[in-house]
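Listing of run16.tsv; format and content: TSV, C-alpha atoms.
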```tsv
chain	number	residue	atom	x	y	z
V	1	MET	CA	100.97	109.17	70.04
V	2	LYS	CA	98.43	111.70	71.25
V	3	THR	CA	98.71	114.29	74.06
V	4	ILE	CA	96.04	115.79	76.26
V	5	HIS	CA	96.07	118.62	78.77
V	6	ALA	CA	93.44	118.31	81.50
V	7	LYS	CA	92.15	120.26	84.47
V	8	ILE	CA	90.12	118.34	87.05
V	9	CYS	CA	88.14	120.16	89.74
V	10	GLY	CA	86.09	119.09	92.73
V	11	ARG	CA	87.38	117.34	95.83
V	12	VAL	CA	90.64	116.28	94.17
V	13	GLN	CA	93.26	117.48	96.63
V	14	GLY	CA	93.95	115.69	99.89
V	15	VAL	CA	92.46	112.44	98.55
V	16	CYS	CA	95.56	110.93	96.86
V	17	PHE	CA	94.31	112.01	93.43
V	18	ARG	CA	97.81	112.63	92.06
V	19	TYR	CA	99.11	109.30	93.41
V	20	TYR	CA	96.27	107.31	91.80
V	21	THR	CA	96.50	109.35	88.61
V	22	ARG	CA	100.18	108.42	88.34
V	23	LYS	CA	99.43	104.76	89.13
V	24	THR	CA	96.69	104.62	86.49
V	25	ALA	CA	98.82	106.40	83.89
V	26	LEU	CA	101.73	103.99	84.43
V	27	GLU	CA	99.40	100.99	84.11
V	28	LEU	CA	98.19	102.38	80.79
V	29	GLY	CA	101.68	103.20	79.46
V	30	ILE	CA	101.04	106.95	79.57
V	31	ARG	CA	103.82	109.45	80.23
V	32	GLY	CA	103.59	113.02	81.44
V	33	TRP	CA	102.92	114.84	84.71
V	34	VAL	CA	100.24	115.79	87.24
V	35	ARG	CA	100.23	118.61	89.79
V	36	ASN	CA	97.97	120.40	92.25
V	37	LEU	CA	96.89	123.93	91.38
V	38	PRO	CA	96.49	126.75	93.91
V	39	ASN	CA	92.73	126.86	93.15
V	40	ARG	CA	92.35	123.29	94.56
V	41	CYS	CA	92.09	121.71	91.09
V	42	VAL	CA	94.54	119.26	89.52
V	43	GLU	CA	96.28	119.77	86.17
V	44	LEU	CA	97.99	117.20	83.98
V	45	LEU	CA	99.66	116.61	80.65
V	46	ALA	CA	99.51	113.06	79.32
V	47	SER	CA	100.92	111.43	76.18
V	48	GLY	CA	99.98	107.96	75.03
V	49	THR	CA	98.05	105.94	72.50
V	50	PRO	CA	94.54	107.11	71.65
V	51	ASP	CA	93.04	104.00	73.30
V	52	ALA	CA	95.06	104.47	76.50
V	53	LEU	CA	94.11	108.14	76.70
V	54	ARG	CA	90.40	107.34	76.19
V	55	THR	CA	90.56	104.92	79.12
V	56	PHE	CA	92.52	107.48	81.17
V	57	GLU	CA	89.96	110.23	80.47
V	58	LYS	CA	87.15	107.93	81.65
V	59	TRP	CA	89.08	107.25	84.85
V	60	LEU	CA	89.67	110.99	85.40
V	61	SER	CA	85.92	111.59	85.40
V	62	HIS	CA	85.61	109.79	88.74
V	63	GLY	CA	89.18	109.46	90.08
V	64	PRO	CA	90.09	107.46	93.18
V	65	PRO	CA	87.54	106.32	95.80
V	66	MET	CA	87.74	109.37	98.10
V	67	ALA	CA	87.64	111.94	95.28
V	68	SER	CA	84.53	113.76	94.12
V	69	VAL	CA	85.14	115.05	90.59
V	70	ALA	CA	82.93	118.00	89.64
V	71	THR	CA	84.42	118.94	86.25
V	72	VAL	CA	87.01	117.64	83.82
V	73	GLU	CA	88.26	119.90	81.04
V	74	VAL	CA	90.31	118.03	78.44
V	75	ARG	CA	91.85	119.36	75.28
V	76	GLU	CA	94.20	117.78	72.80
V	77	VAL	CA	97.53	119.59	72.42
V	78	ASN	CA	100.33	119.39	69.87
V	79	GLU	CA	103.29	118.99	72.23
V	80	VAL	CA	104.40	115.59	73.53
V	81	ALA	CA	105.24	115.09	77.20
V	82	SER	CA	109.01	115.22	77.62
V	83	GLN	CA	108.96	112.89	80.64
V	84	SER	CA	109.98	109.27	80.12
V	85	THR	CA	107.45	108.18	82.76
V	86	PHE	CA	104.49	109.77	84.55
V	87	GLU	CA	105.53	112.14	87.34
V	88	ILE	CA	103.94	113.99	90.23
V	89	ILE	CA	105.35	117.51	90.28
V	90	ASP	CA	105.12	120.37	92.76
V	91	THR	CA	102.71	123.24	92.18
V	92	GLY	CA	105.50	125.75	91.51
V	93	ASP	CA	107.37	123.60	88.99
V	94	THR	CA	107.18	124.49	85.32
V	95	PRO	CA	107.08	121.12	83.51
V	96	LEU	CA	106.99	122.33	79.90
```
Take the structure in the file and write it out as structure tokens.
Amino acid sequence: MKTIHAKICGRVQGVCFRYYTRKTALELGIRGWVRNLPNRCVELLASGTPDALRTFEKWLSHGPPMASVATVEVREVNEVASQSTFEIIDTGDTPL
């Protein structure tokens, strides 16, 4: 099990980015969370197998059809997502 924390910027809000991120994560067996940030970026924490996370990171670089991803910052972290599935959370929620 590996965990990544990512911040995705560009046109990623108002284009169903979180919905498709959740859908993709569930298809890959990844658990964690995704949320919108006040600066119009999207943040996520994802735990899964190294292969699943590699595929997920590739998907994040382009996102869903209406998105326009400008930057993706990914770093590996030591914690493991506490969620049993992959959730969309509100901006003000503290998931950790």
Report the centre and edge lengths, in Å to one decimal, of an axis-aligned box enclosing every atom of region 64-70 of chain V listed in the file, padded by 5 Å on each side, as lines of an AutoDock Vina configuration file.
```
center_x = 86.5
center_y = 112.2
center_z = 93.9
size_x = 17.2
size_y = 21.7
size_z = 18.5
```
Taking a cut-off of 10 Å and counting all atoms listed in the file, can you build a table that, for each residue of region 30-64 of chain V near region 15-22 of chain V, reports the nearest atom pair and how far apart they are in Å (one decimal), sorted by chain then residue number, as CSV?
```
residue,atom,partner,partner_atom,distance
V:Ile30,CA,V:Arg22,CA,8.9
V:Arg31,CA,V:Arg22,CA,8.9
V:Gly32,CA,V:Arg22,CA,9.0
V:Trp33,CA,V:Arg22,CA,7.9
V:Val34,CA,V:Arg18,CA,6.3
V:Arg35,CA,V:Arg18,CA,6.8
V:Asn36,CA,V:Arg18,CA,7.8
V:Val42,CA,V:Arg18,CA,7.8
V:Glu43,CA,V:Arg18,CA,9.4
V:Leu44,CA,V:Thr21,CA,9.2
V:Phe56,CA,V:Thr21,CA,8.6
V:Trp59,CA,V:Thr21,CA,8.6
V:Leu60,CA,V:Thr21,CA,7.7
V:Gly63,CA,V:Phe17,CA,6.6
V:Pro64,CA,V:Phe17,CA,6.2
```
Inset, instruction - Find the distance between CA of Thr71 (chain V) and CA of Glu57 (chain V) and write it in Å to one decimal. - result: 11.8 Å
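Closest approach to Arg11 (chain V) among V:Arg40, V:Thr85, V:Val80, V:Asp51: V:Arg40, based on all atoms listed in the file.
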Inset, instruction - Using CA of Ala6 (chain V) and CA of Glu27 (chain V) as the two end points, give the distance in Å to one decimal. - result: 18.5 Å
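Our summary of the geometry notes that CA of Ala70 (chain V) is positioned 20.1 Å from CA of Ala46 (chain V).
Considering all atoms listed in the file, the residue among V:Pro50, V:Gly10, V:Gly29, V:Pro65 positioned nearest to Phe86 (chain V) is V:Gly29.
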Legend entry - Given all atoms listed in the file as the counted atoms, nearest of V:Ala25, V:Val69, V:Val12, V:Ala81 to Leu45 (chain V): V:Ala81
Inset, instruction - Compare V:Leu37, V:Lys58, V:Glu73, V:Ile4 by their minimum atom-to-atom distance to Asp90 (chain V), counting all atoms listed in the file, and give me the closest one. - result: V:Leu37
Legend entry - Surrounding residues of Val72 (chain V) excluding itself and chain neighbours under 4 positions, 7 Å, only C-alpha atoms, as a PyMOL selection string: chain V and resi 6-9+61
